[in-house]
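Structure file final.pdb with PDB, C-alpha atoms:
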```
ATOM      1  CA  TYR A   1      -6.561  12.318   1.077
ATOM      2  CA  SER A   2      -6.524  12.568  -2.694
ATOM      3  CA  LEU A   3      -3.879  15.302  -2.673
ATOM      4  CA  SER A   4      -1.591  13.126  -0.571
ATOM      5  CA  ALA A   5      -2.232  10.120  -2.830
ATOM      6  CA  PRO A   6       0.983  10.568  -4.862
ATOM      7  CA  ALA A   7       3.129  10.369  -1.718
ATOM      8  CA  THR A   8       1.136   7.386  -0.497
ATOM      9  CA  ILE A   9       1.469   5.653  -3.852
ATOM     10  CA  LEU A  10       5.246   6.155  -3.931
ATOM     11  CA  ALA A  11       5.767   5.016  -0.329
ATOM     12  CA  VAL A  12       3.638   1.898  -0.697
ATOM     13  CA  LEU A  13       5.116   1.140  -4.126
ATOM     14  CA  ALA A  14       8.697   1.315  -2.858
ATOM     15  CA  SER A  15       7.890  -0.802   0.184
ATOM     16  CA  SER A  16       5.969  -3.375  -1.853
ATOM     17  CA  VAL A  17       8.789  -3.735  -4.367
ATOM     18  CA  VAL A  18      11.277  -4.363  -1.558
ATOM     19  CA  ILE A  19       8.914  -6.848   0.109
ATOM     20  CA  TRP A  20       8.375  -8.685  -3.188
ATOM     21  CA  ARG A  21      12.018  -8.805  -4.246
ATOM     22  CA  SER A  22      13.634  -9.533  -0.890
ATOM     23  CA  GLY A  23      11.117 -11.938   0.601
ATOM     24  CA  ALA A  24      11.490 -10.108   3.906
ATOM     25  CA  MET A  25       7.739 -10.487   4.460
ATOM     26  CA  PRO A  26       5.087 -12.685   2.884
ATOM     27  CA  ARG A  27       4.522 -11.722  -0.737
ATOM     28  CA  TRP A  28       0.775 -11.344  -0.298
ATOM     29  CA  ILE A  29       1.555  -8.138   1.629
ATOM     30  CA  ALA A  30       3.034  -6.728  -1.587
ATOM     31  CA  GLY A  31      -0.216  -7.720  -3.307
ATOM     32  CA  LEU A  32      -2.172  -5.829  -0.685
ATOM     33  CA  GLY A  33       0.126  -2.899  -1.375
ATOM     34  CA  ALA A  34      -0.828  -3.124  -5.060
ATOM     35  CA  LEU A  35      -4.460  -2.748  -4.009
ATOM     36  CA  VAL A  36      -3.599   0.377  -1.999
ATOM     37  CA  ILE A  37      -1.760   1.746  -5.038
ATOM     38  CA  ALA A  38      -4.736   1.030  -7.317
ATOM     39  CA  VAL A  39      -7.096   2.879  -4.986
ATOM     40  CA  GLY A  40      -4.659   5.795  -4.876
ATOM     41  CA  VAL A  41      -4.638   5.967  -8.669
ATOM     42  CA  VAL A  42      -8.457   5.952  -8.698
ATOM     43  CA  GLU A  43      -8.404   8.859  -6.263
ATOM     44  CA  LEU A  44      -5.977  10.778  -8.452
ATOM     45  CA  VAL A  45      -8.163  10.235 -11.504
ATOM     46  CA  GLY A  46     -11.163  11.280  -9.423
ATOM     47  CA  LEU A  47      -9.657  14.704  -8.889
ATOM     48  CA  PHE A  48     -10.922  15.508 -12.380
ATOM     49  CA  SER A  49     -14.472  14.241 -11.705
ATOM     50  CA  LYS A  50     -17.133  16.796 -10.962
ATOM     51  CA  THR A  51     -19.994  14.443 -10.078
ATOM     52  CA  GLY A  52     -20.479  11.003  -8.620
ATOM     53  CA  SER A  53     -19.008   9.231  -5.638
ATOM     54  CA  ASN A  54     -15.459   9.758  -6.895
ATOM     55  CA  ALA A  55     -15.865  13.503  -7.314
ATOM     56  CA  ALA A  56     -12.831  15.445  -6.120
ATOM     57  CA  GLY A  57     -10.880  12.209  -5.639
ATOM     58  CA  TYR A  58     -12.913  10.787  -2.786
ATOM     59  CA  ALA A  59     -13.071   7.182  -4.121
ATOM     60  CA  TRP A  60     -15.873   6.278  -1.747
ATOM     61  CA  GLY A  61     -13.566   6.869   1.229
ATOM     62  CA  ILE A  62     -11.851   3.505   0.922
ATOM     63  CA  GLY A  63      -8.342   4.837   0.312
ATOM     64  CA  ASP A  64      -7.745   5.615   3.975
ATOM     65  CA  VAL A  65      -9.214   2.288   5.055
ATOM     66  CA  PHE A  66      -6.965   0.237   2.772
ATOM     67  CA  LEU A  67      -3.910   2.267   3.740
ATOM     68  CA  VAL A  68      -4.539   1.727   7.458
ATOM     69  CA  ILE A  69      -5.111  -2.000   6.878
ATOM     70  CA  TRP A  70      -1.835  -2.217   4.925
ATOM     71  CA  ILE A  71       0.081  -0.364   7.643
ATOM     72  CA  VAL A  72      -1.349  -2.615  10.378
ATOM     73  CA  VAL A  73      -0.533  -5.781   8.389
ATOM     74  CA  VAL A  74       3.041  -4.628   7.712
ATOM     75  CA  SER A  75       3.484  -3.696  11.386
ATOM     76  CA  ILE A  76       2.267  -7.098  12.562
ATOM     77  CA  ALA A  77       4.497  -8.850  10.029
ATOM     78  CA  MET A  78       7.516  -6.881  11.254
ATOM     79  CA  MET A  79       6.781  -7.698  14.902
ATOM     80  CA  THR A  80       6.184 -11.413  14.381
ATOM     81  CA  ARG A  81       8.897 -12.171  11.833
ATOM     82  CA  THR A  82      11.859 -14.095  13.208
ATOM     83  CA  PRO A  83      15.201 -12.729  12.038
ATOM     84  CA  ARG A  84      17.161 -14.872   9.611
ATOM     85  CA  ALA A  85      20.812 -15.583  10.201
ATOM     86  CA  MET A  86      23.023 -13.785   7.736
ATOM     87  CA  ALA A  87      25.089 -16.052   5.510
ATOM     88  CA  MET A  88      28.800 -15.560   5.766
ATOM     89  CA  THR A  89      30.291 -15.323   2.284
TER      90      THR A  89
END
```
If you took the structure in this file and wrote it as structure tokens, what would it be?
Amino acid sequence: YSLSAPATILAVLASSVVIWRSGAMPRWIAGLGALVIAVGVVELVGLFSKTGSNAAGYAWGIGDVFLVIWIVVVSIAMMTRTPRAMAMT
């Protein structure tokens, strides 16, 4: 997972920025995305560790868990969100 962390970080970062700026979903989802990004950064830093629980970028195995939780939350938010009427300008 640690080698795919940069792609994960970029995907979650882009999505979280759009969620935060547009208000398309609740903003706390963008906060959860920030947590996923932080764990991804810890995994990247861990690639340089030789000992400990973060050796080789493992980060205690929580990166995958947080990513799956974020994906499930975003999916539920997309399915339950009612579409807003577009303003005619």
_I'd like the contact shell of Val41 (chain A) - 8 Å cut-off, all atoms listed in the file, skipping same-chain residues fewer than 3 positions apart - returned as a list of chain:residue names._
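The filter keeps A:Ala5, A:Ile9, A:Ile37, A:Ala38, A:Leu44, A:Val45.
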_With the PyMOL selection byres ((chain A and resi 28-31) around 8) as the selection, what would be picked from this file? Answer as number ranges by chain, please._
A: 15-17, 19-20, 25-27, 32-35, 70, 73-74
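Taking CA of Trp60 (chain A) and CA of Ile76 (chain A) as the two end points, the separation is 26.7 Å.
Note that the spacing between CA of Ala14 (chain A) and CA of Met78 (chain A) amounts to 16.4 Å.
Put simply, CA of Val42 (chain A) is 16.5 Å away from CA of Ala11 (chain A).
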Where is the centre and how long are the edges: axis-aligned box on region 65-72 of chain A, 4 Å on each side, Å to one decimal, as lines of an AutoDock Vina configuration file:
```
center_x = -4.6
center_y = -0.2
center_z = 6.6
size_x = 17.3
size_y = 12.9
size_z = 15.6
```
*Output the residue selection produced by the PyMOL selection byres ((chain A and resi 4) around 12) on the file above, formatted as a list in words.*
Tyr1, Ser2, Leu3, Ala5, Pro6, Ala7, Thr8, Ile9, Leu10, Ala11, Gly40, Val41, Glu43, Leu44, Leu47, Gly57, Tyr58, Gly63, Asp64 and Leu67 of chain A
Would you mind exporting C-alpha atoms of the selected residues as a PDB file, in the frame of the given file?
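As a result, selection.pdb now contains:
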```pdb
ATOM      1  CA  TYR A   1      -6.561  12.318   1.077  1.00  0.00           C
ATOM      2  CA  SER A   2      -6.524  12.568  -2.694  1.00  0.00           C
ATOM      3  CA  LEU A   3      -3.879  15.302  -2.673  1.00  0.00           C
ATOM      4  CA  ALA A   5      -2.232  10.120  -2.830  1.00  0.00           C
ATOM      5  CA  PRO A   6       0.983  10.568  -4.862  1.00  0.00           C
ATOM      6  CA  ALA A   7       3.129  10.369  -1.718  1.00  0.00           C
ATOM      7  CA  THR A   8       1.136   7.386  -0.497  1.00  0.00           C
ATOM      8  CA  ILE A   9       1.469   5.653  -3.852  1.00  0.00           C
ATOM      9  CA  LEU A  10       5.246   6.155  -3.931  1.00  0.00           C
ATOM     10  CA  ALA A  11       5.767   5.016  -0.329  1.00  0.00           C
ATOM     11  CA  GLY A  40      -4.659   5.795  -4.876  1.00  0.00           C
ATOM     12  CA  VAL A  41      -4.638   5.967  -8.669  1.00  0.00           C
ATOM     13  CA  GLU A  43      -8.404   8.859  -6.263  1.00  0.00           C
ATOM     14  CA  LEU A  44      -5.977  10.778  -8.452  1.00  0.00           C
ATOM     15  CA  LEU A  47      -9.657  14.704  -8.889  1.00  0.00           C
ATOM     16  CA  GLY A  57     -10.880  12.209  -5.639  1.00  0.00           C
ATOM     17  CA  TYR A  58     -12.913  10.787  -2.786  1.00  0.00           C
ATOM     18  CA  GLY A  63      -8.342   4.837   0.312  1.00  0.00           C
ATOM     19  CA  ASP A  64      -7.745   5.615   3.975  1.00  0.00           C
ATOM     20  CA  LEU A  67      -3.910   2.267   3.740  1.00  0.00           C
TER      21      LEU A  67
END
```
*Out of A:Ala77, A:Thr82, A:Val36, A:Lys50, which residue has the shortest atom-to-atom distance to Ile62 (chain A) when counting all atoms listed in the file?*
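Closest residue, counting all atoms listed in the file: A:Val36.
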